[in-house]
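Below: start_31.cif (mmCIF, C-alpha atoms)
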```
data_protein
#
loop_
_atom_site.group_PDB
_atom_site.id
_atom_site.type_symbol
_atom_site.label_atom_id
_atom_site.label_comp_id
_atom_site.auth_asym_id
_atom_site.auth_seq_id
_atom_site.Cartn_x
_atom_site.Cartn_y
_atom_site.Cartn_z
ATOM 1 C CA MET N 1 110.212 111.943 102.077
ATOM 2 C CA PRO N 2 107.236 114.270 102.705
ATOM 3 C CA ASN N 3 103.926 112.849 103.928
ATOM 4 C CA GLY N 4 102.325 113.366 100.531
ATOM 5 C CA SER N 5 104.779 111.012 98.850
ATOM 6 C CA LEU N 6 104.234 108.143 101.275
ATOM 7 C CA SER N 7 102.656 105.047 99.797
ATOM 8 C CA LEU N 8 99.348 103.837 101.167
ATOM 9 C CA ALA N 9 101.210 100.904 102.735
ATOM 10 C CA ALA N 10 103.759 103.211 104.383
ATOM 11 C CA SER N 11 101.040 105.495 105.737
ATOM 12 C CA LEU N 12 99.186 102.611 107.360
ATOM 13 C CA TYR N 13 102.451 101.215 108.710
ATOM 14 C CA LEU N 14 103.202 104.513 110.447
ATOM 15 C CA LEU N 15 99.632 104.804 111.722
ATOM 16 C CA SER N 16 100.111 101.468 113.469
ATOM 17 C CA TYR N 17 102.434 103.276 115.922
ATOM 18 C CA ASP N 18 101.190 105.118 118.995
ATOM 19 C CA PRO N 19 102.509 108.705 118.768
ATOM 20 C CA GLU N 20 102.284 109.013 122.563
ATOM 21 C CA THR N 21 104.615 106.095 123.323
ATOM 22 C CA GLY N 22 106.461 105.847 120.015
ATOM 23 C CA ARG N 23 105.858 102.107 120.013
ATOM 24 C CA PRO N 24 103.901 99.869 117.633
ATOM 25 C CA ALA N 25 100.267 99.568 118.686
ATOM 26 C CA GLY N 26 98.638 97.890 115.674
ATOM 27 C CA ALA N 27 97.822 94.235 116.206
ATOM 28 C CA HIS N 28 97.574 93.251 112.525
ATOM 29 C CA THR N 29 100.135 95.512 110.895
ATOM 30 C CA ALA N 30 101.599 92.985 108.436
ATOM 31 C CA LEU N 31 98.175 92.076 107.054
ATOM 32 C CA LEU N 32 97.162 95.714 106.830
ATOM 33 C CA VAL N 33 100.342 96.755 105.041
ATOM 34 C CA ARG N 34 100.028 93.919 102.509
ATOM 35 C CA ALA N 35 96.370 94.764 101.844
ATOM 36 C CA ALA N 36 97.322 98.415 101.350
ATOM 37 C CA ALA N 37 100.125 97.500 98.941
ATOM 38 C CA LEU N 38 97.783 95.368 96.831
ATOM 39 C CA THR N 39 95.198 98.138 96.789
ATOM 40 C CA GLU N 40 97.695 100.792 95.745
ATOM 41 C CA LEU N 41 99.124 98.631 92.966
ATOM 42 C CA VAL N 42 95.641 98.265 91.527
ATOM 43 C CA GLN N 43 94.952 101.990 91.896
ATOM 44 C CA ARG N 44 98.190 102.696 90.035
ATOM 45 C CA GLY N 45 97.245 100.280 87.247
ATOM 46 C CA MET N 46 100.155 97.932 88.003
ATOM 47 C CA LEU N 47 98.017 94.922 88.903
ATOM 48 C CA THR N 48 95.016 93.608 87.035
ATOM 49 C CA ASP N 49 92.529 90.895 87.886
ATOM 50 C CA ALA N 50 92.947 87.577 86.045
ATOM 51 C CA ASP N 51 90.195 85.130 86.960
ATOM 52 C CA GLY N 52 90.208 86.273 90.584
ATOM 53 C CA SER N 53 93.992 86.497 90.941
ATOM 54 C CA PRO N 54 96.333 89.500 90.764
ATOM 55 C CA CYS N 55 98.441 89.699 87.622
ATOM 56 C CA PRO N 56 101.244 92.265 87.160
ATOM 57 C CA VAL N 57 101.101 94.428 84.055
ATOM 58 C CA ALA N 58 104.037 93.765 81.726
ATOM 59 C CA ASP N 59 107.138 95.751 82.728
ATOM 60 C CA ALA N 60 105.222 97.386 85.584
ATOM 61 C CA ALA N 61 107.356 99.306 88.076
ATOM 62 C CA THR N 62 106.486 101.968 90.618
ATOM 63 C CA GLY N 63 109.934 103.100 91.741
ATOM 64 C CA ASP N 64 108.884 102.176 95.286
ATOM 65 C CA GLN N 65 111.045 99.257 96.401
ATOM 66 C CA ALA N 66 108.460 97.673 98.696
ATOM 67 C CA LEU N 67 105.727 97.789 96.056
ATOM 68 C CA ASP N 68 108.034 96.587 93.293
ATOM 69 C CA ARG N 69 109.172 93.638 95.424
ATOM 70 C CA LEU N 70 105.552 92.617 95.835
ATOM 71 C CA LEU N 71 104.977 92.927 92.094
ATOM 72 C CA GLU N 72 107.993 90.695 91.511
ATOM 73 C CA LEU N 73 106.858 88.160 94.106
ATOM 74 C CA ILE N 74 103.387 87.915 92.566
ATOM 75 C CA GLY N 75 104.817 87.653 89.063
ATOM 76 C CA GLU N 76 107.153 84.815 90.042
ATOM 77 C CA SER N 77 104.560 82.848 92.032
ATOM 78 C CA ARG N 78 101.773 80.534 90.984
ATOM 79 C CA PRO N 79 98.350 82.162 90.700
ATOM 80 C CA ARG N 80 96.707 82.866 94.063
ATOM 81 C CA SER N 81 93.506 84.707 94.829
ATOM 82 C CA TRP N 82 93.514 88.256 96.134
ATOM 83 C CA GLN N 83 92.292 86.916 99.459
ATOM 84 C CA ILE N 84 95.239 84.536 99.759
ATOM 85 C CA TRP N 85 97.750 87.227 98.826
ATOM 86 C CA VAL N 86 96.641 89.366 101.763
ATOM 87 C CA GLY N 87 97.886 86.709 104.168
ATOM 88 C CA HIS N 88 100.659 85.035 102.137
ATOM 89 C CA GLN N 89 104.016 86.016 103.672
ATOM 90 C CA PRO N 90 102.753 89.510 104.557
ATOM 91 C CA ARG N 91 105.789 90.285 106.702
ATOM 92 C CA LEU N 92 107.919 90.464 103.556
ATOM 93 C CA THR N 93 106.031 93.601 102.579
ATOM 94 C CA GLU N 94 105.820 94.918 106.135
ATOM 95 C CA HIS N 95 109.578 94.610 106.631
ATOM 96 C CA ALA N 96 110.305 96.228 103.255
ATOM 97 C CA VAL N 97 108.097 99.182 104.206
ATOM 98 C CA ARG N 98 109.631 99.319 107.698
ATOM 99 C CA ASP N 99 113.131 99.516 106.219
ATOM 100 C CA GLN N 100 111.994 102.380 103.995
ATOM 101 C CA MET N 101 110.661 104.248 107.012
ATOM 102 C CA VAL N 102 113.924 103.711 108.879
ATOM 103 C CA ALA N 103 115.902 105.055 105.906
ATOM 104 C CA ALA N 104 113.560 108.054 105.638
ATOM 105 C CA GLY N 105 113.910 108.867 109.336
ATOM 106 C CA TYR N 106 110.336 108.159 110.386
ATOM 107 C CA VAL N 107 111.352 105.147 112.496
ATOM 108 C CA ARG N 108 114.575 104.114 114.195
ATOM 109 C CA ALA N 109 115.871 100.701 115.127
ATOM 110 C CA LYS N 110 116.887 100.201 118.739
ATOM 111 C CA GLY N 111 118.884 97.247 119.993
ATOM 112 C CA LYS N 112 117.587 95.148 122.855
ATOM 113 C CA ARG N 113 117.932 91.658 124.285
ATOM 114 C CA MET N 114 115.102 89.157 124.427
ATOM 115 C CA LEU N 115 114.941 87.393 127.794
ATOM 116 C CA GLY N 116 118.053 89.361 128.620
ATOM 117 C CA LEU N 117 120.119 87.083 126.386
ATOM 118 C CA PHE N 118 119.342 87.166 122.685
ATOM 119 C CA PRO N 119 120.094 90.301 120.639
ATOM 120 C CA ALA N 120 117.075 91.749 118.829
ATOM 121 C CA LYS N 121 115.743 95.027 117.500
ATOM 122 C CA GLU N 122 112.705 97.072 118.331
ATOM 123 C CA TYR N 123 111.449 99.932 116.229
ATOM 124 C CA MET N 124 110.498 103.303 117.655
ATOM 125 C CA LEU N 125 108.703 106.232 116.062
ATOM 126 C CA GLU N 126 110.991 109.197 115.350
ATOM 127 C CA ARG N 127 108.391 111.686 114.124
ATOM 128 C CA PRO N 128 105.433 111.364 116.491
ATOM 129 C CA ASP N 129 104.031 114.816 115.716
ATOM 130 C CA GLN N 130 103.846 114.066 111.993
ATOM 131 C CA VAL N 131 102.204 110.703 112.573
ATOM 132 C CA ALA N 132 99.744 112.281 114.990
ATOM 133 C CA GLY N 133 98.896 114.769 112.240
ATOM 134 C CA MET N 134 98.387 111.920 109.763
ATOM 135 C CA ARG N 135 96.085 110.231 112.249
ATOM 136 C CA ASP N 136 94.079 113.426 112.752
ATOM 137 C CA ASP N 137 93.693 113.838 108.987
ATOM 138 C CA ALA N 138 92.412 110.264 108.638
ATOM 139 C CA VAL N 139 89.977 110.693 111.517
ATOM 140 C CA ARG N 140 88.638 113.871 109.896
ATOM 141 C CA VAL N 141 87.940 111.912 106.724
ATOM 142 C CA LEU N 142 86.030 109.334 108.758
ATOM 143 C CA ARG N 143 84.100 111.700 111.007
ATOM 144 C CA GLY N 144 83.887 114.792 108.844
ATOM 145 C CA GLU N 145 80.976 116.095 106.836
ATOM 146 C CA GLN N 146 82.762 116.138 103.480
ATOM 147 C CA PRO N 147 80.738 113.973 101.050
ATOM 148 C CA ALA N 148 82.440 110.649 100.364
ATOM 149 C CA ALA N 149 82.330 111.434 96.642
ATOM 150 C CA GLU N 150 84.692 114.377 97.279
ATOM 151 C CA VAL N 151 87.243 112.385 99.315
ATOM 152 C CA SER N 152 90.321 111.288 97.352
ATOM 153 C CA GLU N 153 90.464 107.606 96.403
ATOM 154 C CA ARG N 154 93.663 107.265 98.420
ATOM 155 C CA ASP N 155 92.207 108.730 101.615
ATOM 156 C CA ALA N 156 89.062 106.675 101.176
ATOM 157 C CA ALA N 157 91.157 103.514 100.799
ATOM 158 C CA LEU N 158 93.222 104.358 103.875
ATOM 159 C CA VAL N 159 90.167 104.684 106.133
ATOM 160 C CA THR N 160 88.435 101.679 104.577
ATOM 161 C CA LEU N 161 91.440 99.438 105.169
ATOM 162 C CA ALA N 162 92.001 100.845 108.660
ATOM 163 C CA ALA N 163 88.432 99.874 109.502
ATOM 164 C CA ALA N 164 88.786 96.364 108.076
ATOM 165 C CA GLY N 165 92.115 95.883 109.870
ATOM 166 C CA GLU N 166 90.790 97.215 113.188
ATOM 167 C CA LEU N 167 93.406 99.970 113.308
ATOM 168 C CA ARG N 168 91.973 101.654 116.393
ATOM 169 C CA SER N 169 94.163 104.737 116.152
ATOM 170 C CA VAL N 170 92.047 105.682 113.131
ATOM 171 C CA VAL N 171 88.757 103.782 113.505
ATOM 172 C CA THR N 172 87.806 103.194 117.121
ATOM 173 C CA ALA N 173 85.507 100.355 118.124
ATOM 174 C CA THR N 174 82.745 102.938 118.594
ATOM 175 C CA ASP N 175 83.392 104.397 115.129
ATOM 176 C CA ALA N 176 83.189 100.913 113.633
ATOM 177 C CA LYS N 177 79.693 100.552 115.060
ATOM 178 C CA VAL N 178 78.161 103.986 114.614
ATOM 179 C CA ARG N 179 79.840 104.987 111.332
ATOM 180 C CA LYS N 180 79.192 101.837 109.326
ATOM 181 C CA ARG N 181 77.420 103.761 106.580
ATOM 182 C CA ARG N 182 80.260 106.265 106.261
ATOM 183 C CA ILE N 183 82.818 103.454 106.067
ATOM 184 C CA LEU N 184 80.744 101.726 103.401
ATOM 185 C CA GLU N 185 80.503 104.957 101.390
ATOM 186 C CA LEU N 186 84.276 105.416 101.603
ATOM 187 C CA GLY N 187 84.738 101.820 100.477
ATOM 188 C CA GLU N 188 82.597 102.512 97.447
ATOM 189 C CA ARG N 189 84.587 105.679 96.783
ATOM 190 C CA CYS N 190 88.001 104.011 96.823
ATOM 191 C CA GLY N 191 86.710 101.398 94.394
ATOM 192 C CA GLY N 192 85.199 104.004 92.126
ATOM 193 C CA MET N 193 88.060 104.056 89.611
ATOM 194 C CA GLY N 194 86.644 101.085 87.716
ATOM 195 C CA PRO N 195 84.883 97.717 88.061
ATOM 196 C CA VAL N 196 88.129 95.775 88.509
ATOM 197 C CA LEU N 197 89.292 97.992 91.374
ATOM 198 C CA GLU N 198 85.845 97.902 92.949
ATOM 199 C CA LYS N 199 85.923 94.090 92.879
ATOM 200 C CA VAL N 200 89.465 93.944 94.228
ATOM 201 C CA ILE N 201 88.777 96.444 97.028
ATOM 202 C CA ALA N 202 85.807 94.366 98.137
ATOM 203 C CA GLN N 203 87.867 91.154 98.062
ATOM 204 C CA VAL N 204 90.819 92.681 99.897
ATOM 205 C CA ARG N 205 88.559 94.151 102.585
ATOM 206 C CA THR N 206 86.855 90.779 103.076
ATOM 207 C CA ALA N 207 90.168 88.935 103.154
ATOM 208 C CA LEU N 208 91.707 91.409 105.586
ATOM 209 C CA ALA N 209 88.729 91.208 107.924
ATOM 210 C CA ALA N 210 88.787 87.393 107.789
ATOM 211 C CA ALA N 211 92.542 87.298 108.403
ATOM 212 C CA VAL N 212 92.151 89.585 111.405
ATOM 213 C CA VAL N 213 89.466 87.311 112.876
ATOM 214 C CA THR N 214 91.700 84.277 112.305
ATOM 215 C CA ALA N 215 94.635 86.010 114.002
ATOM 216 C CA VAL N 216 92.502 86.980 116.983
ATOM 217 C CA LEU N 217 91.145 83.421 117.359
ATOM 218 C CA ALA N 218 94.655 81.970 117.114
ATOM 219 C CA SER N 219 95.891 84.370 119.782
ATOM 220 C CA THR N 220 92.957 83.545 122.057
ATOM 221 C CA THR N 221 93.542 79.823 121.613
ATOM 222 C CA ALA N 222 97.231 80.186 122.456
ATOM 223 C CA VAL N 223 96.446 82.150 125.623
ATOM 224 C CA THR N 224 93.836 79.595 126.700
ATOM 225 C CA ALA N 225 96.246 76.728 126.089
ATOM 226 C CA THR N 226 98.809 78.259 128.421
#
```

What's the C-alpha cells form of this structure?
Amino acid sequence: MPNGSLSLAASLYLLSYDPETGRPAGAHTALLVRAAALTELVQRGMLTDADGSPCPVADAATGDQALDRLLELIGESRPRSWQIWVGHQPRLTEHAVRDQMVAAGYVRAKGKRMLGLFPAKEYMLERPDQVAGMRDDAVRVLRGEQPAAEVSERDAALVTLAAAGELRSVVTATDAKVRKRRILELGERCGGMGPVLEKVIAQVRTALAAAVVTAVLASTTAVTAT
C-alpha cells in the first residue's frame, strides 16, 4: 500500500505516531481518525448532508474496509448530527484503520502485560522513515509559500484536521498561533468542492475541536481527583 493510496484517516492515524520512538504520540487519535473518515466520505461523494446529519448515498462503497464500515454504521443508525458522529464510538473507526495499517506493514502489534499480569497489545511503528516523510510533506503544506488555492483538497483537509485535533507532529502550538490565517485558508480550500462539503468541513472542525477540549478537561479532572 503506497503512501498515495492511504486514506485521509489512515494518514492521520500514522501521523499520530512519533517516528523517533515508534510509539503513539497523538492524544486524540480516535476523534481525529473519525473526523478524517467523515471528511473523506464527503469528498468522495459517499455521504451527503440531510438536515444537518450525514446520509450515505444509495449503494455507496469505497472498497476501503474502514470507510465502508463507517458508511454501514451511519446507514443503520438513527440520524445524528455531524458533530455527534465525530465523537460517537470513534474507536470503531480507529481500530479498523489500525488493523489495516498492521496488515499493510506500517504498524506491528507487540504483546505486553498490563500491571505485569494481564495480556495486552501495544502498537509500534514499522516504517518510521516513511511516516517522517509524510510529516515533512504536511508541514511543508502548512509552512510553505504555495498558495492555498493550489494545494490539493486532500492535503488541505489533512492539515486542517491536524490543527483542529492538536496533532502537534504536524501543527505545533506555535504554528497554531502564528499561522491561523494559513490554517483558515486551507480550511476554505478543503471545503471548496461544493457548499455541502464546505458546511460539513466547518461542522467537523468545530466538533473535533470541541471534543478535544472535552477530552482535555476530562483528563484534567481525573488527575485532580486522584

Please give the centre and size of the box around segment 121-136 of chain N (axis-aligned, containing every atom listed in the file, 6 Å added per side), with values in Å to one decimal and written as JSON.
```
{"center_x": 104.9, "center_y": 104.9, "center_z": 114.0, "size_x": 33.7, "size_y": 31.8, "size_z": 20.6}
```

>> Can you measure atom CA of Arg140 of chain N to atom CA of Arg189 of chain N for me? One decimal in Å is fine.
In response: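 About the pair atom CA of Arg140 of chain N and atom CA of Arg189 of chain N: they are 16.0 Å apart.
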
> Can you tell me how far atom CA of Leu8 of chain N sits from atom CA of Ser152 of chain N, in Å to one decimal?
Replying inline: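 Distance reported for this atom pair: 12.3 Å.
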
> Do you have the atom CA of Trp85 of chain N-atom CA of Val213 of chain N distance handy?
Replying inline: 16.3 Å

>> Please list as a PyMOL selection string every residue within 10 Å of Met101 of chain N, counting all atoms listed in the file and excluding residues in the same chain fewer than 3 positions away.
In response: chain N and resi 1+6+10-11+13-14+95-98+104-108+125-126

>> Report as a list in words all protein, DNA and RNA residues lying within 12 Å of Met46 of chain N, evaluated on all atoms listed in the file, omitting residues in the same chain fewer than 3 positions from it.
In response: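 So, after excluding close chain neighbours, the residues are Ala37, Leu38, Thr39, Glu40, Leu41, Val42, Gln43, Asp49, Pro54, Cys55, Pro56, Val57, Ala58, Asp59, Ala60, Ala61, Thr62, Gly63, Leu67, Asp68, Leu70, Leu71, Glu72, Ile74, Gly75 and Leu197 of chain N.
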
>> Taking the file as I've supplied it (selection: the PyMOL selection byres ((chain N and resi 198) around 12)), which residues are included? Please answer as a ChimeraX atom specification.
In response: /N:39,42-43,48-49,153,157,186-197,199-205

>> Using all atoms listed in the file, which protein or nucleic acid residues come within 8 Å of segment 178-185 of chain N? Drop anything in the same chain fewer than 4 positions from it, and give the result as number ranges by chain.
In response: N: 142-143, 148, 159-160, 163, 174, 189

> Of the residues N:Leu92, N:Gln100, N:Leu217, N:Gly87, which is the one nearest to Leu73 of chain N, using all atoms listed in the file?
Replying inline: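 Selected residue with least distance to Leu73 of chain N: N:Leu92.
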
List, as an mmCIF file with C-alpha atoms, in the frame of the given file, every residue that the PyMOL selection byres ((chain N and resi 139) around 12) selects in the file provided.
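Contents of result-v7.cif, as written:
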```cif
data_model
loop_
_atom_site.group_PDB
_atom_site.id
_atom_site.type_symbol
_atom_site.label_atom_id
_atom_site.label_comp_id
_atom_site.auth_asym_id
_atom_site.auth_seq_id
_atom_site.Cartn_x
_atom_site.Cartn_y
_atom_site.Cartn_z
ATOM 1 C CA LEU N 15 99.632 104.804 111.722
ATOM 2 C CA ALA N 132 99.744 112.281 114.990
ATOM 3 C CA GLY N 133 98.896 114.769 112.240
ATOM 4 C CA MET N 134 98.387 111.920 109.763
ATOM 5 C CA ARG N 135 96.085 110.231 112.249
ATOM 6 C CA ASP N 136 94.079 113.426 112.752
ATOM 7 C CA ASP N 137 93.693 113.838 108.987
ATOM 8 C CA ALA N 138 92.412 110.264 108.638
ATOM 9 C CA ARG N 140 88.638 113.871 109.896
ATOM 10 C CA VAL N 141 87.940 111.912 106.724
ATOM 11 C CA LEU N 142 86.030 109.334 108.758
ATOM 12 C CA ARG N 143 84.100 111.700 111.007
ATOM 13 C CA GLY N 144 83.887 114.792 108.844
ATOM 14 C CA GLU N 145 80.976 116.095 106.836
ATOM 15 C CA ASP N 155 92.207 108.730 101.615
ATOM 16 C CA ALA N 156 89.062 106.675 101.176
ATOM 17 C CA LEU N 158 93.222 104.358 103.875
ATOM 18 C CA VAL N 159 90.167 104.684 106.133
ATOM 19 C CA THR N 160 88.435 101.679 104.577
ATOM 20 C CA ALA N 162 92.001 100.845 108.660
ATOM 21 C CA ALA N 163 88.432 99.874 109.502
ATOM 22 C CA LEU N 167 93.406 99.970 113.308
ATOM 23 C CA ARG N 168 91.973 101.654 116.393
ATOM 24 C CA SER N 169 94.163 104.737 116.152
ATOM 25 C CA VAL N 170 92.047 105.682 113.131
ATOM 26 C CA VAL N 171 88.757 103.782 113.505
ATOM 27 C CA THR N 172 87.806 103.194 117.121
ATOM 28 C CA ASP N 175 83.392 104.397 115.129
ATOM 29 C CA ARG N 179 79.840 104.987 111.332
ATOM 30 C CA ARG N 182 80.260 106.265 106.261
ATOM 31 C CA ILE N 183 82.818 103.454 106.067
#
```

>> Given all atoms listed in the file as the basis, pick out the residue of N:Met124, N:Ala176, N:Val151, N:Ala50 nearest to Pro19 of chain N.
In response: N:Met124

>> Residues within 6 Å of Ala25 of chain N, please, as a ChimeraX atom specification. Count all atoms listed in the file; anything in the same chain fewer than 5 positions from it doesn't count.
In response: /N:16-18

>> For Ala30 of chain N, find every residue with an atom within 6 Å (counting only C-alpha atoms), except residues of its own chain fewer than 3 positions away, and show them as a list in words.
In response: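 Contacts, with the query itself left out: Val33, Pro90, Arg91 and Glu94 of chain N.
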
> In terms of the shortest atom-to-atom distance over all atoms listed in the file, which of N:Thr29, N:Ala9, N:Gly22, N:Ala164 is closest to Ala109 of chain N?
Replying inline: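 Smallest separation from Ala109 of chain N among the options: N:Gly22.
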
> Which residue, N:Ser5, N:Asp99, N:Glu166, N:Gln83, has the smallest gap to Ala27 of chain N when you use only C-alpha atoms?
Replying inline: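 Result for the nearest residue to Ala27 of chain N: N:Glu166.
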